[in-house]
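File shown: coords.cif (mmCIF, C-alpha atoms).
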data_query
loop_
_atom_site.label_atom_id
_atom_site.label_comp_id
_atom_site.auth_asym_id
_atom_site.auth_seq_id
_atom_site.Cartn_x
_atom_site.Cartn_y
_atom_site.Cartn_z
CA MET U 22 102.04 51.30 -40.92
CA ALA U 23 98.65 50.35 -42.28
CA PRO U 24 96.89 47.34 -40.79
CA ILE U 25 97.34 44.93 -43.66
CA LEU U 26 96.48 41.70 -41.93
CA GLY U 27 93.35 39.98 -40.81
CA ILE U 28 94.53 40.18 -37.23
CA TRP U 29 95.89 43.49 -36.13
CA ALA U 30 98.18 44.23 -33.32
CA SER U 31 97.28 44.59 -29.72
CA GLY U 32 100.56 46.18 -28.78
CA ALA U 33 102.89 45.72 -31.72
CA GLN U 34 106.46 45.18 -30.66
CA PRO U 35 109.29 45.85 -33.06
CA ALA U 36 112.00 43.19 -33.07
CA ALA U 37 114.64 45.83 -33.24
CA ASN U 38 114.95 49.55 -33.26
CA ALA U 39 113.39 50.91 -36.43
CA THR U 40 116.78 51.79 -37.84
CA SER U 41 118.93 49.02 -36.41
CA PHE U 42 118.44 46.17 -38.90
CA GLU U 43 119.32 47.16 -42.43
CA SER U 44 119.72 45.40 -45.73
CA ILE U 45 123.28 45.71 -47.07
CA ALA U 46 123.23 43.60 -50.22
CA THR U 47 121.48 40.65 -51.83
CA VAL U 48 122.48 38.04 -54.37
CA SER U 49 119.76 36.14 -56.20
CA VAL U 50 121.25 33.43 -58.39
CA GLY U 51 119.93 33.49 -61.93
CA SER U 52 119.29 30.81 -64.50
CA GLY U 53 122.96 30.35 -65.33
CA GLY U 54 123.92 29.51 -61.76
CA ALA U 55 126.90 30.99 -59.92
CA ALA U 56 130.26 29.41 -59.12
CA ASP U 57 130.48 31.49 -55.95
CA VAL U 58 128.70 34.25 -54.10
CA GLU U 59 130.70 37.10 -52.66
CA PHE U 60 129.88 40.23 -50.71
CA THR U 61 132.64 42.82 -50.89
CA SER U 62 133.27 46.27 -49.49
CA ILE U 63 131.13 45.54 -46.44
CA PRO U 64 131.07 48.76 -44.43
CA ALA U 65 132.07 48.74 -40.76
CA ASP U 66 128.94 50.71 -39.89
CA TYR U 67 127.25 47.95 -37.92
CA THR U 68 127.82 45.91 -34.79
CA HIS U 69 126.82 42.53 -36.18
CA LEU U 70 125.95 41.02 -39.54
CA GLN U 71 123.24 38.54 -40.36
CA LEU U 72 123.37 36.45 -43.52
CA ARG U 73 120.15 34.73 -44.53
CA VAL U 74 120.51 32.02 -47.16
CA ILE U 75 118.50 29.53 -49.13
CA GLY U 76 120.83 27.43 -51.23
CA ARG U 77 120.98 24.52 -53.64
CA THR U 78 123.97 23.43 -55.66
CA ALA U 79 124.52 21.39 -58.81
CA LYS U 80 126.26 18.60 -56.94
CA ALA U 81 125.15 15.44 -58.70
CA SER U 82 124.74 13.10 -55.73
CA GLY U 83 123.59 13.79 -52.20
CA ASN U 84 124.07 17.04 -50.37
CA ASP U 85 126.91 19.48 -50.68
CA TYR U 86 128.68 21.86 -48.38
CA ALA U 87 129.84 25.39 -48.97
CA LYS U 88 133.20 26.89 -48.11
CA LEU U 89 132.73 30.08 -46.14
CA THR U 90 135.68 32.46 -46.03
CA PHE U 91 136.24 36.06 -45.00
CA ASN U 92 138.49 38.72 -46.51
CA ASN U 93 139.81 36.15 -49.02
CA VAL U 94 141.93 34.66 -46.23
CA GLY U 95 142.73 30.96 -46.43
CA GLY U 96 145.50 29.10 -44.66
CA THR U 97 144.53 27.48 -41.40
CA SER U 98 142.44 30.36 -40.11
CA TYR U 99 139.13 28.63 -39.53
CA ALA U 100 137.35 26.13 -37.33
CA THR U 101 133.84 24.70 -37.40
CA HIS U 102 131.85 22.85 -34.77
CA TYR U 103 128.64 20.95 -35.50
CA LEU U 104 125.67 19.54 -33.67
CA TRP U 105 122.97 18.08 -35.86
CA GLY U 106 119.98 15.81 -35.98
CA THR U 107 119.42 13.38 -38.83
CA GLY U 108 115.83 12.53 -38.01
CA SER U 109 116.91 9.43 -36.13
CA SER U 110 120.16 10.28 -34.35
CA VAL U 111 122.19 13.16 -33.01
CA GLN U 112 125.65 13.74 -34.45
CA PHE U 113 128.54 16.06 -33.72
CA HIS U 114 131.77 16.92 -35.45
CA ALA U 115 134.50 19.53 -35.70
CA PHE U 116 137.11 20.75 -38.14
CA THR U 117 140.01 22.82 -36.85
CA SER U 118 142.84 24.72 -38.53
CA SER U 119 141.02 24.51 -41.84
CA SER U 120 141.10 26.86 -44.80
CA PHE U 121 137.38 27.67 -44.58
CA ILE U 122 134.28 27.28 -42.43
CA TYR U 123 132.00 24.42 -43.39
CA LEU U 124 128.47 25.52 -44.18
CA ASP U 125 127.18 22.01 -44.35
CA PHE U 126 124.21 20.07 -45.73
CA VAL U 127 123.46 22.22 -48.74
CA THR U 128 120.80 20.60 -50.89
CA GLY U 129 122.16 19.05 -54.10
CA THR U 130 120.53 18.88 -57.48
CA SER U 131 119.64 15.18 -57.21
CA GLN U 132 117.66 15.77 -54.03
CA LEU U 133 113.99 16.64 -53.78
CA SER U 134 113.01 19.08 -56.52
CA ASN U 135 112.25 22.68 -55.58
CA SER U 136 113.74 22.28 -52.11
CA PHE U 137 116.52 24.41 -50.67
CA SER U 138 118.61 24.33 -47.54
CA ALA U 139 118.21 27.38 -45.33
CA TYR U 140 120.62 29.13 -42.98
CA VAL U 141 120.48 32.13 -40.70
CA LEU U 142 124.05 33.11 -39.79
CA ASP U 143 125.03 35.69 -37.22
CA ILE U 144 128.50 37.16 -37.69
CA LEU U 145 129.24 38.78 -34.38
CA ASP U 146 131.34 41.88 -33.76
CA TYR U 147 132.57 41.58 -37.33
CA ALA U 148 134.25 45.00 -37.46
CA ASN U 149 136.10 44.73 -34.16
CA THR U 150 139.86 44.69 -34.73
CA ASN U 151 140.72 43.27 -31.31
CA LYS U 152 138.82 39.99 -31.48
CA ASN U 153 138.88 36.85 -33.52
CA LYS U 154 135.48 36.44 -35.16
CA THR U 155 132.74 34.00 -34.23
CA VAL U 156 129.91 32.97 -36.53
CA ARG U 157 126.99 30.87 -35.41
CA TRP U 158 123.97 29.66 -37.26
CA LEU U 159 120.84 27.59 -37.40
CA GLY U 160 120.39 25.74 -40.64
CA GLY U 161 119.05 22.67 -42.31
CA GLN U 162 117.11 21.00 -45.01
CA ASP U 163 114.02 18.83 -44.83
CA LEU U 164 113.25 16.63 -47.81
CA ASN U 165 110.11 14.86 -46.59
CA GLY U 166 111.82 11.69 -45.45
CA ASP U 167 115.40 12.88 -45.35
CA GLY U 168 117.25 15.94 -44.13
CA VAL U 169 118.98 17.48 -41.16
CA ILE U 170 118.65 20.27 -38.65
CA ILE U 171 121.99 21.71 -37.65
CA LEU U 172 123.52 24.07 -35.14
CA GLN U 173 126.97 25.19 -36.15
CA SER U 174 129.58 27.64 -35.00
CA GLY U 175 132.60 28.87 -36.88
CA LEU U 176 135.80 30.64 -35.91
CA PHE U 177 137.74 33.04 -38.10
CA ASN U 178 141.00 33.17 -36.23
CA ASN U 179 141.79 36.69 -37.33
CA THR U 180 141.33 40.09 -35.71
CA ALA U 181 140.88 42.04 -38.94
CA ALA U 182 137.53 43.62 -39.58
CA ILE U 183 135.48 41.51 -41.95
CA SER U 184 134.99 43.38 -45.18
CA SER U 185 134.15 40.53 -47.53
CA ILE U 186 132.33 37.21 -47.36
CA LYS U 187 132.56 34.40 -49.91
CA LEU U 188 130.61 31.17 -50.26
CA VAL U 189 131.78 28.51 -52.70
CA PRO U 190 130.19 25.09 -53.23
CA ASN U 191 132.66 22.37 -52.34
CA SER U 192 131.57 20.27 -55.28
CA ALA U 193 133.07 22.86 -57.63
CA THR U 194 129.67 23.13 -59.19
CA ASN U 195 127.35 26.12 -59.22
CA TRP U 196 124.87 27.52 -56.84
CA LEU U 197 121.60 26.85 -58.64
CA GLN U 198 118.95 29.30 -59.72
CA TYR U 199 116.76 30.71 -56.95
CA SER U 200 119.51 30.35 -54.38
CA HIS U 201 119.31 33.56 -52.42
CA PHE U 202 121.79 35.31 -50.13
CA ALA U 203 120.79 38.40 -48.19
CA LEU U 204 123.26 40.28 -45.98
CA TYR U 205 121.98 42.54 -43.23
CA GLY U 206 123.66 44.84 -40.73
CA ILE U 207 122.55 45.21 -37.13
CA LYS U 208 123.51 48.39 -35.35
CA GLY U 209 124.20 48.87 -31.69
CA ALA U 210 123.20 51.97 -29.77
CA ALA U 211 124.91 55.15 -30.88
CA MET Z 16 120.11 52.23 -45.97
CA PRO Z 17 116.47 51.56 -45.19
CA ALA Z 18 115.39 49.72 -42.08
CA THR Z 19 114.03 46.34 -43.03
CA TYR Z 20 112.93 44.32 -40.00
CA GLU Z 21 109.38 45.43 -39.48
CA PRO Z 22 106.50 44.26 -37.31
CA ILE Z 23 103.58 43.29 -39.51
CA ALA Z 24 101.06 42.30 -36.86
CA THR Z 25 100.73 41.12 -33.29
CA THR Z 26 97.94 39.47 -31.40
CA THR Z 27 97.87 38.99 -27.65
CA LEU Z 28 95.19 36.65 -26.40
CA GLY Z 29 92.94 38.19 -23.78
CA SER Z 30 91.12 34.90 -23.45
CA ALA Z 31 91.75 31.34 -24.52
CA ALA Z 32 91.54 30.70 -28.26
CA ALA Z 33 91.61 27.56 -30.39
CA ASP Z 34 93.70 29.12 -33.13
CA VAL Z 35 95.28 32.31 -34.36
CA SER Z 36 95.57 33.32 -37.99
CA PHE Z 37 97.50 35.91 -39.92
CA THR Z 38 95.84 36.55 -43.25
CA SER Z 39 96.37 38.73 -46.31
CA ILE Z 40 100.15 38.65 -45.91
CA THR Z 41 101.61 40.65 -48.73
CA GLY Z 42 104.64 39.63 -50.75
CA THR Z 43 106.49 42.77 -49.71
CA TYR Z 44 109.23 41.07 -47.77
CA THR Z 45 111.92 38.44 -48.38
CA ASP Z 46 111.53 36.39 -45.21
CA LEU Z 47 109.04 36.25 -42.38
CA VAL Z 48 109.85 35.78 -38.71
CA LEU Z 49 107.07 34.62 -36.42
CA ILE Z 50 107.55 34.77 -32.67
CA ALA Z 51 104.91 32.85 -30.74
CA VAL Z 52 105.02 32.80 -26.95
CA THR Z 53 102.52 30.10 -26.18
CA GLN Z 54 100.91 28.10 -23.47
CA ILE Z 55 98.51 25.30 -24.33
CA GLY Z 56 95.53 25.04 -21.99
CA SER Z 57 94.51 21.57 -20.94
CA SER Z 58 96.80 19.32 -22.92
CA GLY Z 59 100.02 20.87 -24.06
CA ASP Z 60 102.05 19.17 -26.70
CA TYR Z 61 102.59 20.83 -30.07
CA LEU Z 62 102.28 24.09 -31.90
CA GLY Z 63 100.62 23.33 -35.23
CA VAL Z 64 101.35 25.58 -38.19
CA GLN Z 65 99.56 25.62 -41.53
CA PHE Z 66 100.04 27.89 -44.51
CA ASN Z 67 97.44 29.13 -46.99
CA SER Z 68 94.68 27.01 -45.36
CA ASP Z 69 96.40 24.02 -46.94
CA THR Z 70 95.35 20.86 -45.09
CA GLY Z 71 97.04 18.49 -47.52
CA SER Z 72 99.91 16.23 -46.49
CA ASN Z 73 102.48 18.78 -47.58
CA TYR Z 74 104.40 19.40 -44.38
CA SER Z 75 107.50 17.67 -43.05
CA ARG Z 76 110.14 18.56 -40.56
CA THR Z 77 113.30 17.24 -38.87
CA ARG Z 78 113.83 17.86 -35.17
CA LEU Z 79 116.83 18.07 -32.85
CA SER Z 80 115.95 18.06 -29.16
CA GLY Z 81 117.60 18.05 -25.77
CA ASN Z 82 115.81 17.72 -22.46
CA GLY Z 83 118.67 17.73 -19.95
CA THR Z 84 118.92 13.95 -19.93
CA THR Z 85 119.10 12.95 -23.57
CA ALA Z 86 119.61 14.44 -26.99
CA SER Z 87 117.47 13.04 -29.78
CA SER Z 88 116.29 13.58 -33.32
CA GLU Z 89 113.10 12.55 -35.07
CA ARG Z 90 111.17 13.37 -38.21
CA ASP Z 91 107.62 13.95 -39.41
CA THR Z 92 106.82 13.30 -43.06
CA SER Z 93 103.75 14.09 -45.16
CA GLN Z 94 101.82 15.72 -42.35
CA VAL Z 95 98.81 18.02 -42.61
CA ARG Z 96 100.64 20.68 -40.60
CA PHE Z 97 103.97 21.33 -38.92
CA ASN Z 98 104.01 20.03 -35.35
CA PHE Z 99 106.53 21.87 -33.21
CA TYR Z 100 106.99 20.25 -29.80
CA ALA Z 101 107.14 20.70 -26.83
CA GLN Z 102 104.49 23.16 -25.72
CA PRO Z 103 103.75 23.38 -21.99
CA THR Z 104 100.55 23.64 -20.00
CA SER Z 105 102.40 25.67 -17.41
CA ASN Z 106 104.79 28.49 -18.18
CA PHE Z 107 105.18 29.59 -21.77
CA ALA Z 108 107.19 28.24 -24.67
CA VAL Z 109 109.04 30.56 -27.01
CA ASN Z 110 108.81 29.63 -30.68
CA ILE Z 111 110.78 31.53 -33.32
CA LEU Z 112 110.05 30.56 -36.91
CA ASN Z 113 112.07 31.81 -39.87
CA ILE Z 114 109.94 31.36 -42.96
CA MET Z 115 112.41 31.74 -45.79
CA ASN Z 116 111.58 33.23 -49.19
CA TYR Z 117 107.91 32.89 -48.37
CA SER Z 118 106.64 34.75 -51.42
CA ASN Z 119 108.72 32.90 -54.00
CA THR Z 120 106.40 31.10 -56.42
CA THR Z 121 109.02 28.70 -57.80
CA THR Z 122 110.44 26.96 -54.75
CA PHE Z 123 109.13 24.93 -51.85
CA LYS Z 124 109.34 26.80 -48.57
CA THR Z 125 111.93 25.98 -45.91
CA VAL Z 126 111.21 26.92 -42.31
CA LEU Z 127 113.78 27.05 -39.51
CA CYS Z 128 112.29 26.98 -36.04
CA ARG Z 129 113.54 27.10 -32.47
CA THR Z 130 111.17 26.05 -29.68
CA ASP Z 131 112.37 26.48 -26.13
CA GLN Z 132 110.78 25.92 -22.77
CA ALA Z 133 113.26 25.81 -19.95
CA ALA Z 134 111.33 23.33 -17.83
CA LEU Z 135 110.86 20.88 -20.72
CA SER Z 136 113.39 21.00 -23.51
CA THR Z 137 115.18 22.96 -26.19
CA ASN Z 138 114.41 22.14 -29.82
CA ALA Z 139 115.47 23.07 -33.32
CA TYR Z 140 113.61 22.21 -36.51
CA ALA Z 141 114.08 22.34 -40.25
CA GLY Z 142 110.71 22.19 -41.96
CA LEU Z 143 109.56 21.92 -45.55
CA TYR Z 144 106.24 23.08 -46.97
CA ARG Z 145 105.93 21.37 -50.32
CA SER Z 146 104.16 24.09 -52.23
CA THR Z 147 105.41 26.66 -54.67
CA SER Z 148 102.60 29.07 -53.85
CA ALA Z 149 103.45 32.28 -52.08
CA ILE Z 150 102.49 32.11 -48.42
CA THR Z 151 99.70 34.58 -47.78
CA SER Z 152 98.27 33.22 -44.55
CA ILE Z 153 99.50 31.41 -41.46
CA LYS Z 154 97.32 29.49 -39.03
CA LEU Z 155 98.55 28.45 -35.60
CA ILE Z 156 96.77 25.59 -33.91
CA GLY Z 157 97.22 23.74 -30.63
CA PRO Z 158 95.89 20.40 -29.40
CA SER Z 159 93.72 22.46 -27.10
CA ASN Z 160 93.19 26.17 -26.65
CA PHE Z 161 96.03 28.63 -26.46
CA SER Z 162 95.94 30.20 -23.02
CA SER Z 163 95.22 33.81 -22.33
CA GLY Z 164 98.42 35.81 -22.48
CA SER Z 165 99.86 33.90 -25.41
CA THR Z 166 101.36 36.33 -27.94
CA PHE Z 167 101.96 35.99 -31.65
CA THR Z 168 104.01 38.54 -33.59
CA LEU Z 169 104.79 38.43 -37.28
CA TYR Z 170 107.74 40.36 -38.71
CA GLY Z 171 108.87 40.95 -42.26
CA ILE Z 172 112.49 41.20 -43.39
CA LYS Z 173 113.14 42.81 -46.73
CA SER Z 174 116.41 42.47 -48.56
CA ALA Z 175 117.87 45.07 -50.90
#
Written as structure tokens, how would this file's structure read?
Amino acid sequence: MAPILGIWASGAQPAANATSFESIATVSVGSGGAADVEFTSIPADYTHLQLRVIGRTAKASGNDYAKLTFNNVGGTSYATHYLWGTGSSVQFHAFTSSSFIYLDFVTGTSQLSNSFSAYVLDILDYANTNKNKTVRWLGGQDLNGDGVIILQSGLFNNTAAISSIKLVPNSATNWLQYSHFALYGIKGAA
Amino acid sequence: MPATYEPIATTTLGSAAADVSFTSITGTYTDLVLIAVTQIGSSGDYLGVQFNSDTGSNYSRTRLSGNGTTASSERDTSQVRFNFYAQPTSNFAVNILNIMNYSNTTTFKTVLCRTDQAALSTNAYAGLYRSTSAITSIKLIGPSNFSSGSTFTLYGIKSA
């Protein structure tokens, strides 16, 4: 790779094997917004998935949350645990036996213009058919005087391989333009 | 499918330095990941981060921290840089910054950061850089020199 930066490497270290972190699919929300974002036909070629998100919804007041589901399964198959900081206090919460995982504190349209919540989700051992699935992520929003930083984990109480992922704003409004969802696969050793 | 998590540049300090900069960052990628393993020489405290040589009051961040005794949260608003605590004068801190959609010219930039130093604390941050400009340079600054042996590696992640 050409040295494109002002400072060049003294011993460049790849974060992962050159072929182990691959882009699977991306959704960039356009000017019309999107009622949901869904990745389907996810191949079982990887060991883990990583979903990288910036999101903002049309919720009219305050922040929103998104409903995260896998394989279009609902019922009581999910749980979510939270630990977050508000800028002045530390909070914690949990939902169990719910019909989705809570991807919380999504920036709403009334909040600071041009700002988006961000999330980096790891979906571990997603193709394993002997394990229930665990998701964990770092996320948050800062609004220059408001916002949160959050550590969350989610359970999909199901041993099926994950082949689809869906994110729906709870407010029943749209994901707004420039929201961006990028799904990556991480391979293990052959 | 193409590999997409690529090292862009690394610098390892052979001697103490007041700052480290990555410049001429192209808009090739979707997100940047910066891993800084740092020790601050005489007075450890924070890792300062500025984008695009912007010294205006355009940086804010919200912090969640635990030090083995207490958990706490605090916020910086309208700062001239991000301040990521707590950086040690002994041992090294590991800082991992996710700089999301850094080349988008329509949105402000959200940064997610983890800063960990086992002898001090573990920290998580959500940061906001209130600029719609694409990020083309990153400057890392400490309250005193970064110690020899500190490393700074910038990666690019490109989505399909």
What are the closest atom pairs, with distances in Å to one decimal, for each residue of chain Z lying within 7 Å of chain U, using all atoms listed in the file, rows by chain and rising residue number, as CSV?
residue,atom,partner,partner_atom,distance
Z:Met16,CA,U:Glu43,CA,6.2
Z:Pro17,CA,U:Glu43,CA,5.9
Z:Ala18,CA,U:Glu43,CA,4.7
Z:Thr19,CA,U:Glu43,CA,5.4
Z:Tyr20,CA,U:Phe42,CA,5.9
Z:Glu21,CA,U:Pro35,CA,6.4
Z:Pro22,CA,U:Pro35,CA,5.3
Z:Ala24,CA,U:Ala30,CA,5.0
Z:Thr25,CA,U:Ala30,CA,4.0
Z:Thr26,CA,U:Ala30,CA,5.1
Z:Thr27,CA,U:Ser31,CA,6.0
Z:Ser36,CA,U:Ile28,CA,7.0
Z:Phe37,CA,U:Ile28,CA,5.9
Z:Thr38,CA,U:Gly27,CA,4.9
Z:Ser39,CA,U:Leu26,CA,5.3
Z:Ile40,CA,U:Leu26,CA,6.2
Z:Ser75,CA,U:Asn165,CA,5.2
Z:Arg76,CA,U:Asp163,CA,5.8
Z:Thr77,CA,U:Gly108,CA,5.4
Z:Arg78,CA,U:Gly108,CA,6.4
Z:Leu79,CA,U:Gly106,CA,5.0
Z:Ala86,CA,U:Val111,CA,6.7
Z:Ser87,CA,U:Val111,CA,5.7
Z:Ser88,CA,U:Gly108,CA,4.8
Z:Glu89,CA,U:Gly108,CA,4.0
Z:Arg90,CA,U:Gly108,CA,4.7
Z:Thr92,CA,U:Asn165,CA,5.1
Z:Ser93,CA,U:Asn165,CA,6.6
Z:Thr122,CA,U:Asn135,CA,4.7
Z:Phe123,CA,U:Ser136,CA,5.3
Z:Thr125,CA,U:Ala139,CA,6.5
Z:Leu127,CA,U:Gly160,CA,6.8
Z:Ala139,CA,U:Ile170,CA,6.8
Z:Tyr140,CA,U:Ile170,CA,5.8
Z:Ala141,CA,U:Ile170,CA,5.3
Z:Gly142,CA,U:Asp163,CA,5.5
Z:Leu143,CA,U:Asp163,CA,5.5
Z:Ser174,CA,U:Ser44,CA,5.2
Z:Ala175,CA,U:Ser44,CA,5.5
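Interatomic distance, atom CA of U:Phe91 to atom CA of U:Ser185: 5.5 Å.
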Could you state which residues are captured by the PyMOL selection byres ((chain Z and resi 131) around 12) in this file, as an NGL selection string?
-> :Z and (50-54 or 61-62 or 79-82 or 99-103 or 106-112 or 128-130 or 132-140)
What does the PyMOL selection byres ((chain U and resi 52) around 9) select in this file, as a PyMOL selection string?
-> chain U and resi 50-51+53-55+197-199
List every protein, DNA or RNA residue with an atom no more than 9 Å from (132.3, 33.3, -35.8) in the file's coordinates, counting only C-alpha atoms, and format the result as a compact mmCIF listing (two decimals) with C-alpha atoms, in the coordinates of the input.
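result-v9.txt, written as the output of this step:
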# COMPACT_ATOMS: atom_id res chain seq x y z
CA ALA U 100 137.35 26.13 -37.33
CA THR U 101 133.84 24.70 -37.40
CA ASP U 143 125.03 35.69 -37.22
CA ILE U 144 128.50 37.16 -37.69
CA LEU U 145 129.24 38.78 -34.38
CA ASP U 146 131.34 41.88 -33.76
CA TYR U 147 132.57 41.58 -37.33
CA ASN U 153 138.88 36.85 -33.52
CA LYS U 154 135.48 36.44 -35.16
CA THR U 155 132.74 34.00 -34.23
CA VAL U 156 129.91 32.97 -36.53
CA ARG U 157 126.99 30.87 -35.41
CA SER U 174 129.58 27.64 -35.00
CA GLY U 175 132.60 28.87 -36.88
CA LEU U 176 135.80 30.64 -35.91
CA PHE U 177 137.74 33.04 -38.10
CA ASN U 178 141.00 33.17 -36.23
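If all atoms listed in the file are the atoms counted, then among Z:Thr41, Z:Ser118, Z:Gln94, Z:Thr104 the closest residue to Z:Ser72 is Z:Gln94.
The space between atom CA of U:Leu72 and atom CA of Z:Lys173 spans 12.5 Å.
For the file shown, the residue list from the PyMOL selection byres ((chain U and resi 67) around 6) reads Ala65, Asp66, Thr68, His69, Gly206, Ile207 and Lys208 of chain U.
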